[in-house]
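structure_6.txt follows; it contains compact mmCIF, C-alpha atoms.
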# COMPACT_ATOMS: atom_id res chain seq x y z
CA MET I 105 105.99 96.24 59.64
CA SER I 106 107.16 92.67 59.35
CA THR I 107 104.96 89.65 58.95
CA SER I 108 105.03 87.17 61.79
CA VAL I 109 104.57 83.48 61.22
CA SER I 110 102.93 80.95 63.50
CA SER I 111 106.20 80.27 65.36
CA HIS I 112 106.01 83.82 66.76
CA THR I 113 102.52 83.43 68.17
CA LEU I 114 101.11 82.41 71.52
CA PRO I 115 97.55 81.03 71.61
CA PHE I 116 95.25 82.05 74.45
CA VAL I 117 91.72 81.57 75.70
CA THR I 118 89.36 84.28 76.94
CA ARG I 119 87.05 83.99 79.92
CA ILE I 120 84.37 86.38 81.16
CA ALA I 121 85.00 86.86 84.88
CA GLY I 122 81.82 88.81 85.63
CA ARG I 123 78.88 86.49 84.99
CA HIS I 124 76.12 89.07 85.29
CA ALA I 125 75.83 92.02 82.91
CA LYS I 126 75.54 94.50 85.77
CA ASP I 127 78.81 93.17 87.18
CA ILE I 128 80.48 93.54 83.78
CA ILE I 129 79.26 97.12 83.46
CA ALA I 130 80.37 97.94 87.01
CA ARG I 131 83.84 96.51 86.40
CA ASP I 132 84.19 98.39 83.12
CA ARG I 133 83.13 101.68 84.68
CA ALA I 134 85.47 101.21 87.64
CA ARG I 135 88.32 100.55 85.23
CA ALA I 136 87.38 103.67 83.25
CA GLN I 137 87.45 105.76 86.44
CA LYS I 138 90.97 104.57 87.20
CA ILE I 139 92.03 105.39 83.65
CA MET I 140 90.51 108.87 83.91
CA GLN I 141 92.64 109.44 87.00
CA GLY I 142 95.74 108.32 85.10
CA ILE I 143 96.33 105.46 87.55
CA ASN I 144 99.13 103.06 86.53
CA PRO I 145 99.56 104.27 82.93
CA HIS I 146 100.81 101.60 80.53
CA GLY I 147 101.03 103.10 77.04
CA PRO I 148 104.25 104.09 75.24
CA ALA I 149 104.13 107.64 76.66
CA ALA I 150 103.79 106.40 80.21
CA SER I 151 107.45 105.89 81.09
CA HIS I 152 108.16 109.49 82.07
CA GLU I 153 105.09 109.56 84.26
CA LEU I 154 105.94 106.25 85.88
CA ARG I 155 109.39 107.52 86.84
CA ARG I 156 107.60 109.98 89.12
CA ARG I 157 105.67 107.22 90.85
CA SER I 158 106.79 104.46 93.12
CA ARG I 159 103.53 102.98 94.36
CA GLY I 160 99.73 102.94 94.04
CA GLY I 161 96.83 100.76 93.00
CA GLY I 162 96.72 100.03 89.31
CA VAL I 163 94.64 99.30 86.27
CA ASP I 164 95.47 95.64 85.89
CA ALA I 165 94.45 92.12 85.04
CA THR I 166 92.07 91.90 88.01
CA ASP I 167 90.10 95.07 87.21
CA GLY I 168 88.32 93.93 84.08
CA ALA I 169 85.56 91.42 83.48
CA ILE I 170 87.69 89.74 80.80
CA ALA I 171 90.67 87.49 81.57
CA TYR I 172 93.06 86.06 78.97
CA THR I 173 95.09 83.00 79.88
CA ALA I 174 97.85 81.06 78.15
CA SER I 175 99.87 77.98 78.94
CA VAL I 176 103.47 79.06 79.55
CA GLY I 177 106.45 76.83 80.28
CA VAL I 178 108.99 77.67 83.00
CA GLY I 179 112.18 75.74 83.68
CA THR I 180 114.26 73.05 81.93
CA PRO I 181 112.43 70.87 81.14
CA PRO I 182 109.50 73.28 81.26
CA THR I 183 106.59 72.96 83.69
CA GLN I 184 103.38 74.37 82.20
CA TYR I 185 101.54 77.10 84.09
CA THR I 186 98.25 78.83 83.30
CA LEU I 187 99.06 82.54 83.34
CA ILE I 188 96.92 85.63 82.89
CA ILE I 189 98.10 87.67 79.91
CA ASP I 190 98.28 91.27 81.08
CA THR I 191 99.33 94.25 78.93
CA GLY I 192 98.75 96.50 81.96
CA SER I 193 101.53 95.04 84.11
CA ALA I 194 105.06 93.79 83.42
CA ASN I 195 106.15 91.29 86.08
CA THR I 196 105.96 87.62 85.14
CA TRP I 197 105.41 85.25 88.03
CA VAL I 198 104.07 81.82 88.99
CA GLY I 199 103.00 79.84 92.05
CA ALA I 200 99.55 81.21 92.86
CA ASP I 201 97.99 77.77 92.36
CA LYS I 202 100.42 75.19 90.99
CA PRO I 203 103.68 75.28 93.00
CA TYR I 204 106.86 76.40 91.23
CA GLN I 205 109.06 73.50 90.20
CA GLN I 206 112.79 74.23 90.35
CA THR I 207 114.87 72.66 87.57
CA SER I 208 118.44 72.81 86.29
CA SER I 209 117.88 76.33 84.91
CA SER I 210 116.41 77.80 88.12
CA ILE I 211 118.49 80.35 90.04
CA ASN I 212 117.26 81.82 93.32
CA THR I 213 118.52 85.45 93.53
CA GLY I 214 117.26 85.93 97.08
CA ARG I 215 115.56 89.20 96.13
CA THR I 216 111.99 89.86 97.23
CA VAL I 217 109.17 90.56 94.78
CA ASN I 218 106.12 92.63 95.74
CA VAL I 219 103.48 93.71 93.24
CA THR I 220 100.11 95.33 93.91
CA TYR I 221 97.26 94.84 91.42
CA GLY I 222 94.43 97.04 92.61
CA SER I 223 92.62 94.67 95.00
CA ALA I 224 95.03 91.80 94.30
CA SER I 225 98.68 91.35 95.26
CA LEU I 226 101.77 89.16 95.00
CA SER I 227 104.62 88.63 97.46
CA GLY I 228 107.47 86.24 96.79
CA THR I 229 111.05 85.65 95.68
CA GLU I 230 112.84 86.41 92.42
CA PHE I 231 114.21 83.52 90.39
CA ILE I 232 116.06 83.58 87.08
CA ASP I 233 114.77 80.85 84.79
CA THR I 234 113.96 79.82 81.22
CA VAL I 235 110.49 80.84 80.00
CA THR I 236 108.96 79.05 76.99
CA LEU I 237 106.05 80.72 75.19
CA SER I 238 106.30 78.47 72.13
CA PRO I 239 109.03 76.28 70.59
CA SER I 240 110.64 79.33 68.95
CA LEU I 241 109.79 81.88 71.66
CA VAL I 242 112.15 80.76 74.40
CA ILE I 243 113.58 83.35 76.81
CA GLU I 244 116.77 82.47 78.62
CA LYS I 245 117.59 83.91 82.06
CA GLN I 246 114.25 85.63 82.55
CA SER I 247 113.49 87.25 85.89
CA ILE I 248 110.31 85.73 87.35
CA GLY I 249 108.55 86.00 90.66
CA VAL I 250 107.75 82.89 92.66
CA SER I 251 104.76 83.43 94.92
CA SER I 252 104.81 82.88 98.65
CA SER I 253 101.52 84.80 99.01
CA ALA I 254 99.13 85.75 96.21
CA GLN I 255 95.70 87.31 96.77
CA GLY I 256 92.96 87.53 94.13
CA PHE I 257 94.23 84.98 91.61
CA GLU I 258 91.94 81.99 92.03
CA GLY I 259 92.09 79.39 89.28
CA VAL I 260 95.32 80.61 87.67
CA ASP I 261 99.01 80.18 88.43
CA GLY I 262 100.23 83.73 87.91
CA ILE I 263 100.73 86.48 85.35
CA LEU I 264 102.60 86.89 82.06
CA GLY I 265 103.36 90.62 82.18
CA LEU I 266 103.48 92.18 78.70
CA GLY I 267 103.41 95.85 79.66
CA PRO I 268 106.44 98.19 79.39
CA SER I 269 109.31 97.50 81.78
CA ASP I 270 108.71 100.79 83.67
CA LEU I 271 105.77 99.04 85.30
CA THR I 272 108.27 96.85 87.21
CA PHE I 273 109.66 99.95 88.98
CA ASN I 274 110.58 99.10 92.58
CA THR I 275 108.82 95.71 92.49
CA VAL I 276 112.03 93.67 93.01
CA SER I 277 114.35 94.52 95.88
CA GLY I 278 117.69 95.94 94.79
CA LYS I 279 116.50 96.54 91.22
CA GLU I 280 114.89 99.68 89.85
CA ILE I 281 113.62 98.11 86.60
CA VAL I 282 113.34 94.43 85.64
CA PRO I 283 113.66 93.43 81.95
CA THR I 284 110.37 91.92 80.82
CA VAL I 285 109.68 88.87 78.69
CA THR I 286 109.29 91.12 75.64
CA ASP I 287 112.48 93.05 76.47
CA ASN I 288 114.45 89.83 76.53
CA LEU I 289 112.88 88.52 73.33
CA PHE I 290 114.38 91.62 71.68
CA ALA I 291 117.69 91.51 73.52
CA GLN I 292 118.22 87.85 72.63
CA GLY I 293 117.38 88.47 68.97
CA THR I 294 114.26 86.32 68.88
CA ILE I 295 112.02 89.11 67.57
CA LYS I 296 113.02 92.24 65.65
CA HIS I 297 110.22 94.73 66.30
CA ASP I 298 108.74 96.10 69.52
CA THR I 299 105.15 95.26 68.61
CA LEU I 300 102.38 93.03 69.84
CA GLY I 301 99.49 91.92 67.64
CA ILE I 302 96.24 90.53 69.07
CA PHE I 303 93.70 88.41 67.21
CA PHE I 304 90.36 87.19 68.54
CA ALA I 305 87.62 84.90 67.35
CA PRO I 306 84.20 86.26 68.40
CA THR I 307 82.40 84.79 71.37
CA ASN I 308 79.31 82.85 70.33
CA GLU I 309 79.05 79.92 72.74
CA ASN I 310 79.91 78.93 76.27
CA ASP I 311 83.39 77.66 75.36
CA PRO I 312 86.30 80.08 75.88
CA VAL I 313 87.16 82.33 72.97
CA SER I 314 90.27 81.41 71.03
CA GLY I 315 92.85 83.98 70.04
CA GLU I 316 96.55 84.56 69.64
CA LEU I 317 99.29 87.01 70.44
CA THR I 318 101.86 87.78 67.75
CA PHE I 319 105.23 88.96 69.00
CA GLY I 320 107.39 91.24 66.87
CA GLY I 321 105.13 91.89 63.90
CA VAL I 322 101.78 91.35 62.22
CA ASP I 323 100.47 87.94 61.21
CA THR I 324 99.06 88.85 57.81
CA ARG I 325 97.30 85.48 57.59
CA LYS I 326 94.87 86.81 60.20
CA ILE I 327 93.99 90.10 58.48
CA THR I 328 91.90 90.96 55.42
CA SER I 329 93.02 94.59 55.01
CA ASP I 330 96.09 96.73 55.47
CA VAL I 331 96.82 97.82 59.03
CA SER I 332 95.74 101.42 59.58
CA PHE I 333 97.97 103.07 62.17
CA VAL I 334 97.22 106.14 64.25
CA PRO I 335 99.67 107.85 66.64
CA ILE I 336 99.12 107.82 70.37
CA THR I 337 97.08 110.89 71.26
CA SER I 338 98.63 113.73 73.28
CA LYS I 339 95.39 114.30 75.21
CA PHE I 340 95.44 113.34 78.90
CA PRO I 341 94.52 110.83 80.26
CA ALA I 342 94.30 108.79 77.04
CA SER I 343 97.91 109.74 76.23
CA PHE I 344 99.21 107.59 79.11
CA PHE I 345 97.54 104.45 77.76
CA TRP I 346 96.97 103.05 74.26
CA GLY I 347 95.12 106.24 73.47
CA ILE I 348 93.92 107.30 70.03
CA LYS I 349 91.76 109.92 68.38
CA GLN I 350 88.73 108.77 66.40
CA ASN I 351 85.38 109.84 64.97
CA VAL I 352 82.32 107.63 65.45
CA THR I 353 79.14 107.82 63.39
CA TYR I 354 75.94 105.80 63.49
CA GLY I 355 74.86 105.05 59.95
CA SER I 356 75.89 107.54 57.31
CA ASP I 357 75.13 110.83 59.05
CA THR I 358 74.53 110.57 62.82
CA ARG I 359 77.66 111.86 64.52
CA LEU I 360 78.31 110.38 67.96
CA LEU I 361 81.91 111.49 68.52
CA HIS I 362 84.07 113.94 66.57
CA HIS I 363 87.82 114.32 67.08
CA ALA I 364 87.35 112.36 70.29
CA HIS I 365 90.11 110.97 72.47
CA GLY I 366 89.95 107.57 74.14
CA ILE I 367 91.74 104.27 74.42
CA VAL I 368 91.97 100.80 72.92
CA ASP I 369 91.82 98.42 75.87
CA THR I 370 91.61 94.63 75.89
CA GLY I 371 90.80 94.69 79.61
CA THR I 372 87.46 96.46 79.11
CA THR I 373 84.62 94.15 78.10
CA LEU I 374 82.12 96.45 76.38
CA LEU I 375 82.28 99.44 74.03
CA LEU I 376 82.07 102.41 76.40
CA LEU I 377 80.98 105.85 75.21
CA ALA I 378 80.86 109.12 77.13
CA THR I 379 77.37 109.81 78.44
CA ASP I 380 76.40 112.38 75.79
CA ALA I 381 77.55 110.10 72.95
CA PHE I 382 75.84 107.09 74.56
CA GLN I 383 72.56 109.01 74.81
CA ALA I 384 72.82 109.98 71.15
CA TYR I 385 73.40 106.32 70.25
CA GLN I 386 70.41 105.20 72.31
CA GLU I 387 68.18 107.80 70.66
CA ALA I 388 69.39 106.84 67.18
CA THR I 389 68.77 103.12 67.73
CA GLY I 390 65.52 103.49 69.68
CA ALA I 391 66.87 101.09 72.29
CA THR I 392 65.49 100.96 75.83
CA MET I 393 67.34 100.21 79.05
CA ASP I 394 66.76 96.69 80.41
CA SER I 395 66.40 96.89 84.18
CA THR I 396 67.56 93.31 84.74
CA THR I 397 70.90 93.50 82.93
CA GLY I 398 71.56 97.23 82.73
CA LEU I 399 72.17 96.89 78.98
CA LEU I 400 70.32 98.50 76.12
CA THR I 401 67.83 96.17 74.45
CA LEU I 402 66.14 96.14 71.04
CA THR I 403 63.00 94.57 69.62
CA GLU I 404 63.32 92.30 66.59
CA ASP I 405 61.99 95.10 64.36
CA GLN I 406 64.49 97.59 65.78
CA PHE I 407 67.31 95.13 65.25
CA ALA I 408 66.22 94.64 61.63
CA ASN I 409 66.64 98.39 61.14
CA LEU I 410 69.85 98.76 63.14
CA GLN I 411 72.60 100.53 61.18
CA SER I 412 76.35 100.04 61.34
CA LEU I 413 78.66 102.09 63.49
CA TYR I 414 81.66 103.56 61.67
CA PHE I 415 84.95 104.19 63.43
CA HIS I 416 87.24 106.64 61.62
CA VAL I 417 90.74 105.84 62.89
CA GLY I 418 93.68 107.45 61.12
CA ASP I 419 93.21 106.88 57.39
CA GLY I 420 90.94 103.87 57.97
CA VAL I 421 87.20 103.55 58.36
CA PHE I 422 86.12 100.45 60.29
CA GLU I 423 82.55 99.20 60.08
CA PHE I 424 80.98 97.72 63.20
CA THR I 425 78.02 95.84 61.79
CA PRO I 426 74.59 95.44 63.42
CA ASN I 427 75.42 91.83 64.30
CA ALA I 428 78.67 92.93 65.91
CA GLN I 429 76.83 95.49 68.06
CA ILE I 430 74.79 92.89 69.97
CA TRP I 431 75.73 90.53 72.78
CA PRO I 432 76.02 86.90 71.56
CA ARG I 433 72.49 85.58 72.00
CA ALA I 434 73.79 82.12 72.91
CA LEU I 435 75.32 83.75 76.00
CA ASN I 436 72.29 85.77 77.11
CA THR I 437 71.53 83.58 80.10
CA ALA I 438 75.19 83.73 81.22
CA ILE I 439 74.77 87.45 81.91
CA GLY I 440 71.33 87.23 83.51
CA GLY I 441 69.29 87.97 80.38
CA GLN I 442 66.41 86.21 78.66
CA GLU I 443 67.25 83.84 75.82
CA ASP I 444 65.15 85.67 73.24
CA GLN I 445 66.27 89.23 74.07
CA ILE I 446 68.62 91.34 71.96
CA PHE I 447 71.18 93.28 73.99
CA LEU I 448 73.55 95.95 72.70
CA ILE I 449 77.19 95.88 73.81
CA THR I 450 77.56 99.68 73.92
CA ALA I 451 77.37 101.10 77.45
CA ASP I 452 77.49 104.45 79.21
CA MET I 453 80.93 105.28 80.60
CA GLY I 454 79.26 107.40 83.27
CA SER I 455 80.94 110.70 82.42
CA GLN I 456 80.69 113.42 79.77
CA THR I 457 83.32 113.90 77.05
CA GLN I 458 86.44 115.20 78.77
CA GLY I 459 89.59 113.60 77.39
CA LEU I 460 88.45 110.01 77.80
CA ASP I 461 85.48 109.93 75.44
CA PHE I 462 85.43 106.21 74.61
CA ILE I 463 87.00 102.87 75.40
CA ASN I 464 87.19 100.43 72.50
CA GLY I 465 86.95 97.26 74.56
CA PHE I 466 86.94 93.53 73.89
CA ALA I 467 83.45 93.52 72.34
CA LEU I 468 84.75 95.77 69.56
CA LEU I 469 88.30 94.42 69.31
CA GLN I 470 87.21 90.81 68.78
CA ARG I 471 86.02 91.89 65.31
CA PHE I 472 89.41 93.35 64.35
CA TYR I 473 93.14 92.70 64.52
CA SER I 474 94.86 95.22 66.81
CA VAL I 475 98.55 96.12 66.85
CA TYR I 476 100.36 97.81 69.74
CA ASP I 477 103.55 99.40 68.42
CA THR I 478 105.58 100.63 71.38
CA ALA I 479 108.66 101.69 69.39
CA ASN I 480 106.65 104.03 67.16
CA SER I 481 104.03 105.05 69.75
CA ARG I 482 101.04 104.04 67.66
CA VAL I 483 98.08 101.68 67.48
CA GLY I 484 96.98 99.80 64.37
CA LEU I 485 93.71 98.16 63.32
CA ALA I 486 92.85 95.83 60.46
CA THR I 487 89.84 93.79 59.45
CA THR I 488 89.72 90.01 59.87
CA GLU I 489 87.55 87.16 58.64
CA PHE I 490 85.27 87.88 61.60
CA THR I 491 84.69 91.59 60.98
CA TYR I 492 81.49 90.94 59.03
CA ALA I 493 80.59 87.60 60.60
CA GLU I 494 76.98 86.86 61.62
CA THR I 495 77.97 84.94 64.74
CA ASN I 496 75.83 86.75 67.31

I'd like the structure from this file rewritten - as structure tokens, please.
Amino acid sequence: MSTSVSSHTLPFVTRIAGRHAKDIIARDRARAQKIMQGINPHGPAASHELRRRSRGGGVDATDGAIAYTASVGVGTPPTQYTLIIDTGSANTWVGADKPYQQTSSSINTGRTVNVTYGSASLSGTEFIDTVTLSPSLVIEKQSIGVSSSAQGFEGVDGILGLGPSDLTFNTVSGKEIVPTVTDNLFAQGTIKHDTLGIFFAPTNENDPVSGELTFGGVDTRKITSDVSFVPITSKFPASFFWGIKQNVTYGSDTRLLHHAHGIVDTGTTLLLLATDAFQAYQEATGATMDSTTGLLTLTEDQFANLQSLYFHVGDGVFEFTPNAQIWPRALNTAIGGQEDQIFLITADMGSQTQGLDFINGFALLQRFYSVYDTANSRVGLATTEFTYAETN
């Protein structure tokens, strides 16, 4: 795996869309239900399945309580647009808020673009244009959609679709598949490897979280360990997403999950566990359910005795410290909680272990560097400077 430098990165900010904890939990569970049904798969093994499908609501950027946005340039000279970064869809488009500005590099193909995102949608026209992610990540002749009608995208200009190209199936008239931004970065020789690395800084205040995407490799300046890779699981439905097999223990000897199958998902906010594993976690921690937020809560004494969670992924063991397991206390009031309460970020998925036993969501992933290796059908994790931080 190559090392990427800063010129191959795209900075982004993270916003919590659901302001109340119960809304966050509801969104996460709804997303999990779609995943359990195998709706709109977007992992490396999904392409064969997607060839069988031509339509249907999807697991997408509007399903989760977390939204990632980046400033992306389109045109020559580029106009900057605020786009949602979505690894669960593949069409890139603009015009939901700020109107599309045609420039010398803009070509109207006359083809129609129609994309459905669960409860949101886009209708518009295909243009070919230059897309600038950073000074050295410039894509020539990229297919983009220009919105004439977009529903469900308030406050943003569109989407930067980073999923596999199969997700564009039948979205542009006269084309079966549309090459994505990542496809063209490869085709034009800008990046050499079909990988995407994601780095977060933990949320600890009301400002958006900073992070970055690394195209084509791993930015070793952001990691403090080797990347531990694990192949995509063959267990449905996790196999159709960024699905992995892992063991989870609380402390040194309390087993929560063993040889369990689930997914790594930036669009899920919390750490979701199957009901039986969640109940074992609650019993081990002594936490009680808070009726106001719907989250588990601890007393100060219980928090002082809270043990680490250990995630056994491939050949690596990743420690999720007590501080990492709690919601940032500076943000308690933002989710409807009391300032002095201690909330856990592990939630009940709402179903027993059955092939989707966990979802390692944003709350977990912000403590690690994650790598999505499409070419080799695998997921990687590494520690960062924030893995053991006491920011919450």

Please report, as a tab-separated table, each residue of region 230-296 of chain I lying at most 8 Å from region 192-204 of chain I, together with the nearest pair of atoms and the separation in Å rounded to one decimal; use all atoms listed in the file, and order rows by chain and ascending residue number.
residue	atom	partner	partner_atom	distance
I:Ser247	CA	I:Thr196	CA	7.6
I:Ile248	CA	I:Trp197	CA	5.0
I:Gly249	CA	I:Trp197	CA	4.2
I:Val250	CA	I:Val198	CA	5.3
I:Ser251	CA	I:Gly199	CA	4.9
I:Ser252	CA	I:Gly199	CA	7.5
I:Ser253	CA	I:Ala200	CA	7.4
I:Ala254	CA	I:Ala200	CA	5.7
I:Phe257	CA	I:Ala200	CA	6.6
I:Glu258	CA	I:Asp201	CA	7.4
I:Gly259	CA	I:Asp201	CA	6.8
I:Val260	CA	I:Asp201	CA	6.1
I:Asp261	CA	I:Ala200	CA	4.6
I:Gly262	CA	I:Val198	CA	4.4
I:Ile263	CA	I:Thr196	CA	5.4
I:Leu264	CA	I:Thr196	CA	4.6
I:Gly265	CA	I:Ala194	CA	3.8
I:Leu266	CA	I:Ala194	CA	5.2
I:Gly267	CA	I:Ala194	CA	4.6
I:Pro268	CA	I:Ala194	CA	6.1
I:Ser269	CA	I:Ala194	CA	5.9
I:Asp270	CA	I:Ala194	CA	7.9
I:Leu271	CA	I:Ala194	CA	5.6
I:Thr272	CA	I:Ala194	CA	5.8
I:Val282	CA	I:Asn195	CA	7.9
I:Thr284	CA	I:Ala194	CA	6.2
I:Val285	CA	I:Thr196	CA	7.6

Query - Point (65.0, 94.9, 78.6) neighbourhood (9 Å, all atoms listed in the file) written as a VMD selection string - result: chain I and resid 392 to 402 441 to 442 445 to 447

What's around Thr457 (chain I) at 9 Å? Count all atoms listed in the file, leave out sequence neighbours fewer than 2 positions away in its own chain, and write the answer as a PDB file with C-alpha atoms, keeping the file's coordinate frame.
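Okay, this is what ended up in around-v4.pdb:
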ATOM      1  CA  LEU I 361      81.910 111.490  68.520  1.00  0.00           C
ATOM      2  CA  ALA I 364      87.350 112.360  70.290  1.00  0.00           C
ATOM      3  CA  HIS I 365      90.110 110.970  72.470  1.00  0.00           C
ATOM      4  CA  LEU I 377      80.980 105.850  75.210  1.00  0.00           C
ATOM      5  CA  ALA I 378      80.860 109.120  77.130  1.00  0.00           C
ATOM      6  CA  THR I 379      77.370 109.810  78.440  1.00  0.00           C
ATOM      7  CA  ASP I 380      76.400 112.380  75.790  1.00  0.00           C
ATOM      8  CA  ALA I 381      77.550 110.100  72.950  1.00  0.00           C
ATOM      9  CA  SER I 455      80.940 110.700  82.420  1.00  0.00           C
ATOM     10  CA  GLY I 459      89.590 113.600  77.390  1.00  0.00           C
ATOM     11  CA  LEU I 460      88.450 110.010  77.800  1.00  0.00           C
ATOM     12  CA  ASP I 461      85.480 109.930  75.440  1.00  0.00           C
ATOM     13  CA  PHE I 462      85.430 106.210  74.610  1.00  0.00           C
TER      14      PHE I 462
END

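Among I:Ala130, I:Ala384, I:Ile348, I:Ile232, the residue with the shortest atom-to-atom distance to His363 (chain I), counting only C-alpha atoms, is I:Ile348.
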
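Interatomic distance, CA of Ala434 (chain I) against CA of Thr372 (chain I): 20.8 Å.
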
Skip Gln206 (chain I) itself and residues of its chain fewer than 3 positions away, then list as a tab-separated table (two decimals) with C-alpha atoms, keeping the file's coordinate frame all residues within 10 Å of it, counting all atoms listed in the file.
chain	number	residue	atom	x	y	z
I	178	VAL	CA	108.99	77.67	83.00
I	179	GLY	CA	112.18	75.74	83.68
I	180	THR	CA	114.26	73.05	81.93
I	181	PRO	CA	112.43	70.87	81.14
I	182	PRO	CA	109.50	73.28	81.26
I	183	THR	CA	106.59	72.96	83.69
I	203	PRO	CA	103.68	75.28	93.00
I	209	SER	CA	117.88	76.33	84.91
I	210	SER	CA	116.41	77.80	88.12
I	211	ILE	CA	118.49	80.35	90.04
I	212	ASN	CA	117.26	81.82	93.32
I	231	PHE	CA	114.21	83.52	90.39
I	233	ASP	CA	114.77	80.85	84.79

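The coordinates place CA of Ala493 (chain I) at 21.3 Å from CA of Pro115 (chain I).
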
Requested in this report: Have a look at I:Tyr354, I:Val276, I:Trp431, I:Ile449 and name the one nearest to Glu387 (chain I); count all atoms listed in the file.
Outcome: I:Tyr354

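Note that CA of Val176 (chain I) and CA of Gly321 (chain I) are 20.3 Å apart.
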
Requested in this report: May I have the residues at most 12 Å from (79.2, 111.2, 62.1) in the file's coordinates, counting all atoms listed in the file, as a PyMOL selection string?
Outcome: chain I and resi 350-364+381+384-385+388+412-416+421

How about completing region 446-451 of chain I with all heavy atoms and giving it to me as a PDB file, keeping the file's coordinate frame?
ATOM      1  N   ILE I 446      67.501  90.816  72.747  1.00  0.00           N
ATOM      2  CA  ILE I 446      68.620  91.340  71.960  1.00  0.00           C
ATOM      3  C   ILE I 446      69.237  92.483  72.745  1.00  0.00           C
ATOM      4  O   ILE I 446      68.600  93.513  72.975  1.00  0.00           O
ATOM      5  CB  ILE I 446      68.155  91.817  70.573  1.00  0.00           C
ATOM      6  CG1 ILE I 446      67.533  90.655  69.793  1.00  0.00           C
ATOM      7  CG2 ILE I 446      69.320  92.421  69.796  1.00  0.00           C
ATOM      8  CD1 ILE I 446      66.909  91.074  68.474  1.00  0.00           C
ATOM      9  N   PHE I 447      70.483  92.287  73.187  1.00  0.00           N
ATOM     10  CA  PHE I 447      71.180  93.280  73.990  1.00  0.00           C
ATOM     11  C   PHE I 447      72.295  93.936  73.172  1.00  0.00           C
ATOM     12  O   PHE I 447      73.021  93.253  72.443  1.00  0.00           O
ATOM     13  CB  PHE I 447      71.795  92.643  75.240  1.00  0.00           C
ATOM     14  CG  PHE I 447      70.784  92.022  76.166  1.00  0.00           C
ATOM     15  CD1 PHE I 447      70.674  90.641  76.274  1.00  0.00           C
ATOM     16  CD2 PHE I 447      69.950  92.823  76.932  1.00  0.00           C
ATOM     17  CE1 PHE I 447      69.758  90.068  77.137  1.00  0.00           C
ATOM     18  CE2 PHE I 447      69.012  92.255  77.791  1.00  0.00           C
ATOM     19  CZ  PHE I 447      68.919  90.879  77.895  1.00  0.00           C
ATOM     20  N   LEU I 448      72.456  95.231  73.331  1.00  0.00           N
ATOM     21  CA  LEU I 448      73.550  95.950  72.700  1.00  0.00           C
ATOM     22  C   LEU I 448      74.768  95.949  73.618  1.00  0.00           C
ATOM     23  O   LEU I 448      74.638  95.951  74.845  1.00  0.00           O
ATOM     24  CB  LEU I 448      73.136  97.389  72.383  1.00  0.00           C
ATOM     25  CG  LEU I 448      72.027  97.536  71.332  1.00  0.00           C
ATOM     26  CD1 LEU I 448      71.528  98.980  71.264  1.00  0.00           C
ATOM     27  CD2 LEU I 448      72.522  97.094  69.959  1.00  0.00           C
ATOM     28  N   ILE I 449      75.956  95.952  73.014  1.00  0.00           N
ATOM     29  CA  ILE I 449      77.190  95.880  73.810  1.00  0.00           C
ATOM     30  C   ILE I 449      77.812  97.259  74.029  1.00  0.00           C
ATOM     31  O   ILE I 449      78.916  97.352  74.558  1.00  0.00           O
ATOM     32  CB  ILE I 449      78.212  94.914  73.164  1.00  0.00           C
ATOM     33  CG1 ILE I 449      78.483  95.228  71.701  1.00  0.00           C
ATOM     34  CG2 ILE I 449      77.717  93.471  73.307  1.00  0.00           C
ATOM     35  CD1 ILE I 449      79.448  96.341  71.449  1.00  0.00           C
ATOM     36  N   THR I 450      77.110  98.316  73.657  1.00  0.00           N
ATOM     37  CA  THR I 450      77.560  99.680  73.920  1.00  0.00           C
ATOM     38  C   THR I 450      76.970 100.141  75.254  1.00  0.00           C
ATOM     39  O   THR I 450      75.772  99.999  75.486  1.00  0.00           O
ATOM     40  CB  THR I 450      77.135 100.631  72.803  1.00  0.00           C
ATOM     41  OG1 THR I 450      77.728 100.182  71.577  1.00  0.00           O
ATOM     42  CG2 THR I 450      77.585 102.055  73.080  1.00  0.00           C
ATOM     43  N   ALA I 451      77.816 100.693  76.118  1.00  0.00           N
ATOM     44  CA  ALA I 451      77.370 101.100  77.450  1.00  0.00           C
ATOM     45  C   ALA I 451      77.836 102.517  77.761  1.00  0.00           C
ATOM     46  O   ALA I 451      78.743 103.056  77.128  1.00  0.00           O
ATOM     47  CB  ALA I 451      77.899 100.129  78.510  1.00  0.00           C
TER      48      ALA I 451
END
